[in-house]
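Q: I have a structure here, written as C-alpha cells, and I will follow up with some questions on it.
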Amino acid sequence: MLTASEVTKRFGGLTAVDDVDFSIDHGEIVGLIGPNGAGKTTLFNSIAGVYTPENGSILFDSEELVGKPPHEIARNGIMRTFQTARTFNESTVLDNVLAGAMFGKNDPGSLDEEREKAWEYLEFIDLENEAEEDASNLTIAHRKQLELARALASEPDLILVDEIGSGLTPRELDELSGNLQKTRDEFGISVFWIEHVMDAIMTATDRIIVLNQGEKIANGTPEQVQQNRRVAEAYLGGAEA
Ligand SMILES: Nc1ncnc2c1ncn2[C@@H]1O[C@H](COP(=O)(O)OP(=O)(O)O)[C@@H](O)[C@H]1O
Ligand SMILES: [Mg+2]
C-alpha cells in the first residue's frame with residue numbers, strides 16, 4: 001500500500017533520513033524505532049508532506065506523494081497523531097471527533113450523519129461520558145485517545161502515530177495500544193507507529209523498522225529486531241556511522 005524508496009531528507013549539512021526503503025501493507029501494524037534523533041519524525045513528516053525529501057519516492061496505492069501538500073495527502077487517506085497530542089482544546093470532545101468526520105477522506109454527509117459517526121468513534125475510545133467537556137479538561141492519555149478518534153473519524157487507510165507512550169502510565173499505554181490493534185482489527189486500517197516504550201511496540205506490532213542516524217538498520221518481526229546486533233549497538237550508542 002505504501003512503498004518508499006531511496007528517501008533522503010537533509011537539513012543543511014545533516015542527513016536526517018538517509019536513503020531509506022520500506023513498505024507497509026494493507027492491515028499491517030508496523031513499528032518505527034530508533035534512538036533519539038534517528039530521523040523517525042522526519043520520516044513521518046516526509047510521508048505526510050510537511051517536508052519534501054531531496055530524493056526518493058513515496059508511493060501510496062501507486063500514487064506519488066512526494067511533492068503533494070499535507071492536506072492533499074490527508075485526503076488521500078493518510079492521517080496522523082502527534083508526539084504531543086494536538087487536539088482542539090477550546091472545543092468539546094465530540095466536536096473534535098466531528099471535525100475529523102467532516103474533513104476526512106470522503107466528502108461529508110449531513111451534519112446529523114457525521115455527528116452519529118463521531119459518536120461511534122467516541123464509543124470506540126470509551127469517552128462518551130466526556131462528549132460535552134472541553135478537550136482541555138482531559139488527561140494527556142484521553143487527549144491522545146481523542147486524537148486517535150479524530151483521525152479514525154476521517155476514515156483513513158493508514159494512520160501515522162508518533163509516540164503515544166511518553167507521559168502515560170503503563171495502564172493508559174495498554175489501553176491506547178489496545179485501541180491501535182483494534183483500529184487494524186475492526187476497521188482494517190494500517191498503522192505506522194513510532195514508539196520509544198519498547199514493551200508496547202514489541203507486543204502490539206507485526207513488524208518493526210529500525211532507524212539509526214537516518215539509516216534503516218533493521219526490518220523484521222519484533223523477535224528478529226530484538227536479537228539484531230546492529231540494533232543493540234545503536235541503542236548502546238556504539239553503532240558505526
Ligand atoms: N526542522 C528541522 N530543522 C533542522 N534539523 C532538524 C529538523 N527536524 C529534525 N531535525 C534534525 O534531524 C535529525 C532527526 O530528527 P527527528 O526526525 O526529530 O528524530 P527522531 O524523531 O528519531 O528523534 C535530528 O538530528 C534533528 O536535530
Ligand atoms: Mg521524534
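Residue names in the C-alpha cells use chain letters A, B, ... in the order shown, residue numbers from 1 in each chain, and ligand numbers from 1 in the order shown.
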Tell me, as a ChimeraX atom specification, which residues lie within 7 Å of region 7-17 of chain A, counting only C-alpha atoms; anything in the same chain fewer than 3 positions away does not count.
A: /A:4,20-21,39,42-43,53-57,213-215
Q: Could you pull out the residues sitting within 12 Å of ligand 2, using only C-alpha atoms and all ligand atoms, and write them as a list in words?
A: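 Checked against 12 Å with only C-alpha atoms and all ligand atoms; the hits are Ala16, Leu32, Ile33, Gly34, Pro35, Asn36, Gly37, Ala38, Gly39, Lys40, Thr41, Thr42, Leu43, Phe44, Asn45, Phe82, Gln83, Thr84, Val161, Asp162, Glu163, Ile164, Ser166, Trp193, Ile194, Glu195, His196, Leu211 and Gly214 of chain A.
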Q: For CA of Met198 (chain A) and CA of Asp25 (chain A), determine how far apart the two atoms are, in Å to one decimal place.
A: 22.4 Å
Q: My list of candidates is A:Glu186, A:Arg230, A:Phe103, A:Val50. Which is closest to ligand 1 when distances are computed with only C-alpha atoms and all ligand atoms?
A: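 Under the stated criterion, the closest residue is A:Val50.
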Q: Considering only C-alpha atoms, state which residue in the set A:Val30, A:Leu127, A:Val97, A:Val66 is at the smallest distance from Val210 (chain A).
A: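 Of all the options, A:Val30 lies closest to Val210 (chain A).
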Q: Among region 50-221 of chain A, which ones does DSSP assign to strand (DSSP E or B) (computed from the backbone)? Answer as a PyMOL selection string.
A: chain A and resi 55-60+63-64+78-81+92+134+158-162+190-194+207-212+215-220
Q: Keeping only C-alpha atoms, write the selected residues as a short mmCIF file (atom, residue, chain, number, x, y, z; two decimals), in the first residue's frame.
A:
```
data_model
loop_
_atom_site.label_atom_id
_atom_site.label_comp_id
_atom_site.auth_asym_id
_atom_site.auth_seq_id
_atom_site.Cartn_x
_atom_site.Cartn_y
_atom_site.Cartn_z
CA ASN A 55 15.49 12.33 -3.16
CA GLY A 56 13.30 9.28 -3.40
CA SER A 57 9.74 8.25 -3.97
CA ILE A 58 6.82 7.52 -1.64
CA LEU A 59 4.01 5.72 -3.41
CA PHE A 60 0.62 5.30 -1.78
CA GLU A 63 0.24 7.46 -6.36
CA GLU A 64 3.35 9.58 -5.77
CA ILE A 78 -3.18 9.17 5.50
CA MET A 79 -3.90 10.67 8.93
CA ARG A 80 -1.59 11.22 11.85
CA THR A 81 -1.37 11.76 15.57
CA THR A 92 -15.72 19.89 23.05
CA ASP A 134 -13.78 20.87 26.58
CA LEU A 158 -3.21 4.47 7.12
CA ILE A 159 -2.53 6.27 10.36
CA LEU A 160 0.88 7.56 11.42
CA VAL A 161 1.19 7.52 15.20
CA ASP A 162 4.11 9.43 16.74
CA SER A 190 -2.88 0.12 8.67
CA VAL A 191 -0.84 1.61 11.49
CA PHE A 192 2.70 3.00 11.27
CA TRP A 193 3.76 3.67 14.83
CA ILE A 194 6.82 5.40 16.33
CA ARG A 207 6.90 -5.86 12.13
CA ILE A 208 9.42 -3.27 13.20
CA ILE A 209 11.67 -0.97 11.20
CA VAL A 210 14.74 0.45 12.95
CA LEU A 211 16.41 3.73 12.06
CA ASN A 212 19.77 4.91 13.33
CA GLU A 215 19.66 4.94 8.05
CA LYS A 216 17.43 1.89 8.14
CA ILE A 217 19.45 -0.70 10.03
CA ALA A 218 16.82 -3.43 10.54
CA ASN A 219 13.38 -4.57 9.42
CA GLY A 220 11.78 -7.70 10.84
#
```
Q: Tell me which protein, DNA and RNA residues are within 9 Å of Val93 (chain A), counting only C-alpha atoms, leaving out same-chain ones fewer than 5 positions away, and put them as a PDB file with N, CA and C atoms, in the first residue's frame.
A:
```pdb
ATOM      1  N   THR A  87      -4.985  18.274  20.030  1.00  0.00           N
ATOM      2  CA  THR A  87      -6.442  18.351  19.990  1.00  0.00           C
ATOM      3  C   THR A  87      -6.846  19.821  19.931  1.00  0.00           C
ATOM      4  N   PHE A  88      -8.104  20.077  19.541  1.00  0.00           N
ATOM      5  CA  PHE A  88      -8.636  21.446  19.580  1.00  0.00           C
ATOM      6  C   PHE A  88      -9.162  21.660  20.983  1.00  0.00           C
ATOM      7  N   LEU A  98     -15.952  15.231  15.527  1.00  0.00           N
ATOM      8  CA  LEU A  98     -16.781  15.676  14.402  1.00  0.00           C
ATOM      9  C   LEU A  98     -15.926  16.361  13.333  1.00  0.00           C
ATOM     10  N   LEU A 122     -16.290   7.983  19.397  1.00  0.00           N
ATOM     11  CA  LEU A 122     -16.187   8.294  20.832  1.00  0.00           C
ATOM     12  C   LEU A 122     -16.413   7.036  21.664  1.00  0.00           C
ATOM     13  N   LEU A 127     -15.050   7.391  25.472  1.00  0.00           N
ATOM     14  CA  LEU A 127     -15.127   8.738  26.059  1.00  0.00           C
ATOM     15  C   LEU A 127     -16.509   9.371  25.864  1.00  0.00           C
ATOM     16  N   GLU A 128     -17.551   8.532  25.720  1.00  0.00           N
ATOM     17  CA  GLU A 128     -18.899   9.098  25.517  1.00  0.00           C
ATOM     18  C   GLU A 128     -19.293  10.026  26.660  1.00  0.00           C
ATOM     19  N   GLU A 130     -17.582  11.988  28.321  1.00  0.00           N
ATOM     20  CA  GLU A 130     -16.870  13.264  28.286  1.00  0.00           C
ATOM     21  C   GLU A 130     -17.224  14.073  27.041  1.00  0.00           C
ATOM     22  N   ALA A 131     -18.237  13.635  26.286  1.00  0.00           N
ATOM     23  CA  ALA A 131     -18.524  14.238  24.972  1.00  0.00           C
ATOM     24  C   ALA A 131     -18.654  15.759  25.014  1.00  0.00           C
ATOM     25  N   GLU A 132     -19.268  16.285  26.052  1.00  0.00           N
ATOM     26  CA  GLU A 132     -19.529  17.729  26.087  1.00  0.00           C
ATOM     27  C   GLU A 132     -18.468  18.522  26.852  1.00  0.00           C
ATOM     28  N   GLU A 133     -17.478  17.829  27.381  1.00  0.00           N
ATOM     29  CA  GLU A 133     -16.359  18.516  28.050  1.00  0.00           C
ATOM     30  C   GLU A 133     -15.494  19.236  27.021  1.00  0.00           C
ATOM     31  N   ASP A 134     -14.837  20.316  27.432  1.00  0.00           N
ATOM     32  CA  ASP A 134     -13.784  20.871  26.584  1.00  0.00           C
ATOM     33  C   ASP A 134     -12.612  19.895  26.577  1.00  0.00           C
ATOM     34  N   ALA A 135     -11.986  19.748  25.428  1.00  0.00           N
ATOM     35  CA  ALA A 135     -10.848  18.835  25.326  1.00  0.00           C
ATOM     36  C   ALA A 135      -9.744  19.215  26.306  1.00  0.00           C
ATOM     37  N   SER A 136      -9.668  20.503  26.642  1.00  0.00           N
ATOM     38  CA  SER A 136      -8.608  20.963  27.567  1.00  0.00           C
ATOM     39  C   SER A 136      -8.758  20.339  28.954  1.00  0.00           C
ATOM     40  N   LEU A 138      -9.332  17.202  29.547  1.00  0.00           N
ATOM     41  CA  LEU A 138      -8.980  15.776  29.529  1.00  0.00           C
ATOM     42  C   LEU A 138      -7.563  15.544  30.041  1.00  0.00           C
ATOM     43  N   ARG A 143      -6.534  12.754  25.878  1.00  0.00           N
ATOM     44  CA  ARG A 143      -6.333  13.609  24.713  1.00  0.00           C
ATOM     45  C   ARG A 143      -5.696  12.820  23.562  1.00  0.00           C
ATOM     46  N   LEU A 146      -8.396  10.839  22.109  1.00  0.00           N
ATOM     47  CA  LEU A 146      -9.258  11.721  21.315  1.00  0.00           C
ATOM     48  C   LEU A 146      -8.635  12.003  19.951  1.00  0.00           C
TER      49      LEU A 146
END
```
Q: Ranking A:Val225, A:Lys105, A:Asn89, A:Glu6 by minimum distance to Ile201 (chain A) and counting only C-alpha atoms, which one comes first?
A: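 Comparing A:Val225, A:Lys105, A:Asn89, A:Glu6 against Ile201 (chain A), the winner is A:Val225.
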Q: Identify which of the residues A:Lys144, A:Tyr51, A:Phe22, A:Asn96 lies closest to ligand 1, counting only C-alpha atoms and all ligand atoms when measuring atom-to-atom distances.
A: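 Once distances to ligand 1 are computed over only C-alpha atoms and all ligand atoms, the minimum belongs to A:Tyr51.
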Q: So, with only C-alpha atoms and all ligand atoms as the atoms that count, which of A:Thr52, A:Asn76, A:Thr3, A:Gln224 lies closest to ligand 1?
A: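 Comparing A:Thr52, A:Asn76, A:Thr3, A:Gln224 against ligand 1, the winner is A:Thr52.
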Q: Pick out the closest residue to ligand 1 from this set: A:Ser46, A:Ser23, A:Asn129, A:Ser91. Count only C-alpha atoms and all ligand atoms.
A: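 Of A:Ser46, A:Ser23, A:Asn129, A:Ser91, the one nearest ligand 1 is A:Ser46, counting only C-alpha atoms and all ligand atoms.
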Q: When DSSP is applied to the backbone of this structure, which of region 23-237 of chain A are assigned alpha helix (DSSP H)? Write them out as a PDB file with C-alpha atoms, in the first residue's frame.
A:
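Now in result.pdb:
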```pdb
ATOM      1  CA  LYS A  40      11.760   8.898  12.806  1.00  0.00           C
ATOM      2  CA  THR A  41       9.659  12.050  12.998  1.00  0.00           C
ATOM      3  CA  THR A  42      11.383  13.436   9.900  1.00  0.00           C
ATOM      4  CA  LEU A  43      10.383  10.288   8.002  1.00  0.00           C
ATOM      5  CA  PHE A  44       6.766  10.752   9.146  1.00  0.00           C
ATOM      6  CA  ASN A  45       6.859  14.393   8.084  1.00  0.00           C
ATOM      7  CA  SER A  46       8.187  13.314   4.701  1.00  0.00           C
ATOM      8  CA  ILE A  47       5.274  10.901   4.254  1.00  0.00           C
ATOM      9  CA  ALA A  48       2.748  13.487   5.447  1.00  0.00           C
ATOM     10  CA  PRO A  70      -0.202  17.825   3.549  1.00  0.00           C
ATOM     11  CA  HIS A  71      -3.956  18.422   3.084  1.00  0.00           C
ATOM     12  CA  GLU A  72      -3.917  16.503  -0.174  1.00  0.00           C
ATOM     13  CA  ILE A  73      -2.054  13.595   1.406  1.00  0.00           C
ATOM     14  CA  ALA A  74      -4.631  13.573   4.211  1.00  0.00           C
ATOM     15  CA  ARG A  75      -7.409  13.410   1.628  1.00  0.00           C
ATOM     16  CA  VAL A  93     -14.595  16.305  22.841  1.00  0.00           C
ATOM     17  CA  LEU A  94     -17.450  15.498  20.452  1.00  0.00           C
ATOM     18  CA  ASP A  95     -16.653  18.472  18.201  1.00  0.00           C
ATOM     19  CA  ASN A  96     -13.032  17.325  17.968  1.00  0.00           C
ATOM     20  CA  VAL A  97     -14.141  13.999  16.551  1.00  0.00           C
ATOM     21  CA  LEU A  98     -16.781  15.676  14.402  1.00  0.00           C
ATOM     22  CA  ALA A  99     -14.037  17.794  12.816  1.00  0.00           C
ATOM     23  CA  GLY A 100     -12.286  14.592  11.778  1.00  0.00           C
ATOM     24  CA  ALA A 101     -15.508  13.237  10.307  1.00  0.00           C
ATOM     25  CA  MET A 102     -16.267  16.451   8.380  1.00  0.00           C
ATOM     26  CA  LEU A 111     -24.249  17.119   9.933  1.00  0.00           C
ATOM     27  CA  ASP A 112     -26.519  14.597  11.673  1.00  0.00           C
ATOM     28  CA  GLU A 113     -24.905  11.688   9.849  1.00  0.00           C
ATOM     29  CA  GLU A 114     -21.425  12.907  10.668  1.00  0.00           C
ATOM     30  CA  ARG A 115     -22.375  13.536  14.304  1.00  0.00           C
ATOM     31  CA  GLU A 116     -23.649   9.969  14.509  1.00  0.00           C
ATOM     32  CA  LYS A 117     -20.359   8.748  13.112  1.00  0.00           C
ATOM     33  CA  ALA A 118     -18.423  10.895  15.600  1.00  0.00           C
ATOM     34  CA  TRP A 119     -20.343   9.218  18.445  1.00  0.00           C
ATOM     35  CA  GLU A 120     -19.320   5.788  17.201  1.00  0.00           C
ATOM     36  CA  TYR A 121     -15.660   6.748  17.396  1.00  0.00           C
ATOM     37  CA  LEU A 122     -16.187   8.294  20.832  1.00  0.00           C
ATOM     38  CA  GLU A 123     -17.595   4.935  21.929  1.00  0.00           C
ATOM     39  CA  PHE A 124     -14.603   3.221  20.365  1.00  0.00           C
ATOM     40  CA  ILE A 140      -2.980  13.539  28.474  1.00  0.00           C
ATOM     41  CA  ALA A 141      -3.966   9.912  27.884  1.00  0.00           C
ATOM     42  CA  HIS A 142      -7.535  10.847  26.989  1.00  0.00           C
ATOM     43  CA  ARG A 143      -6.333  13.609  24.713  1.00  0.00           C
ATOM     44  CA  LYS A 144      -4.226  11.044  22.866  1.00  0.00           C
ATOM     45  CA  GLN A 145      -7.262   8.762  22.630  1.00  0.00           C
ATOM     46  CA  LEU A 146      -9.258  11.721  21.315  1.00  0.00           C
ATOM     47  CA  GLU A 147      -6.657  12.456  18.689  1.00  0.00           C
ATOM     48  CA  LEU A 148      -6.874   8.821  17.590  1.00  0.00           C
ATOM     49  CA  ALA A 149     -10.679   9.031  17.381  1.00  0.00           C
ATOM     50  CA  ARG A 150     -10.464  12.234  15.342  1.00  0.00           C
ATOM     51  CA  ALA A 151      -8.026  10.572  12.943  1.00  0.00           C
ATOM     52  CA  LEU A 152     -10.233   7.472  12.632  1.00  0.00           C
ATOM     53  CA  ALA A 153     -13.370   9.555  12.036  1.00  0.00           C
ATOM     54  CA  PRO A 170       1.543   1.570  31.856  1.00  0.00           C
ATOM     55  CA  ARG A 171      -2.187   1.003  32.069  1.00  0.00           C
ATOM     56  CA  GLU A 172      -3.036   4.056  29.948  1.00  0.00           C
ATOM     57  CA  LEU A 173      -0.466   2.917  27.407  1.00  0.00           C
ATOM     58  CA  ASP A 174      -2.017  -0.567  27.375  1.00  0.00           C
ATOM     59  CA  GLU A 175      -5.433   0.890  26.624  1.00  0.00           C
ATOM     60  CA  LEU A 176      -4.118   3.063  23.844  1.00  0.00           C
ATOM     61  CA  SER A 177      -2.022   0.358  22.209  1.00  0.00           C
ATOM     62  CA  GLY A 178      -5.043  -1.973  22.524  1.00  0.00           C
ATOM     63  CA  ASN A 179      -7.020   0.614  20.562  1.00  0.00           C
ATOM     64  CA  LEU A 180      -4.335   0.727  17.876  1.00  0.00           C
ATOM     65  CA  GLN A 181      -4.669  -3.040  17.488  1.00  0.00           C
ATOM     66  CA  LYS A 182      -8.465  -2.691  17.356  1.00  0.00           C
ATOM     67  CA  THR A 183      -8.012   0.027  14.744  1.00  0.00           C
ATOM     68  CA  ARG A 184      -6.466  -2.575  12.496  1.00  0.00           C
ATOM     69  CA  ASP A 185      -8.700  -5.484  13.552  1.00  0.00           C
ATOM     70  CA  GLU A 186     -12.065  -3.674  13.379  1.00  0.00           C
ATOM     71  CA  PHE A 187     -11.508  -1.101  10.642  1.00  0.00           C
ATOM     72  CA  MET A 198       9.724  -0.950  23.913  1.00  0.00           C
ATOM     73  CA  ASP A 199       7.278  -3.281  25.682  1.00  0.00           C
ATOM     74  CA  ALA A 200       4.295  -1.712  23.966  1.00  0.00           C
ATOM     75  CA  ILE A 201       5.717  -1.760  20.475  1.00  0.00           C
ATOM     76  CA  MET A 202       7.196  -5.253  20.798  1.00  0.00           C
ATOM     77  CA  THR A 203       3.866  -6.825  21.738  1.00  0.00           C
ATOM     78  CA  ALA A 204       1.473  -4.858  19.521  1.00  0.00           C
ATOM     79  CA  PRO A 222       9.778  -7.927  16.958  1.00  0.00           C
ATOM     80  CA  GLU A 223      11.762 -11.082  17.863  1.00  0.00           C
ATOM     81  CA  GLN A 224      14.173 -10.616  14.976  1.00  0.00           C
ATOM     82  CA  VAL A 225      14.717  -6.970  15.822  1.00  0.00           C
ATOM     83  CA  GLN A 226      15.307  -7.734  19.490  1.00  0.00           C
ATOM     84  CA  ARG A 229      23.209  -6.936  16.962  1.00  0.00           C
ATOM     85  CA  ARG A 230      23.210  -3.675  14.998  1.00  0.00           C
ATOM     86  CA  VAL A 231      20.048  -2.636  16.803  1.00  0.00           C
ATOM     87  CA  ALA A 232      21.503  -3.418  20.219  1.00  0.00           C
ATOM     88  CA  GLU A 233      24.640  -1.460  19.330  1.00  0.00           C
ATOM     89  CA  ALA A 234      22.634   1.519  18.101  1.00  0.00           C
ATOM     90  CA  TYR A 235      20.781   1.685  21.405  1.00  0.00           C
ATOM     91  CA  LEU A 236      24.026   1.457  23.331  1.00  0.00           C
TER      92      LEU A 236
END
```
Q: Please indicate the distance in Å from CA of Gly77 (chain A) to CA of Ile29 (chain A), rounded to one decimal place.
A: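 Those two atoms sit 16.0 Å apart.
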Q: What is the distance, in Å and to one decimal place, between atom 12 (O, counted along the ligand's line) of ligand 1 and CA of Pro69 (chain A)?
A: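 Answer for the atom 12 (O, counted along the ligand's line) of ligand 1 to CA of Pro69 (chain A) separation: 20.5 Å.
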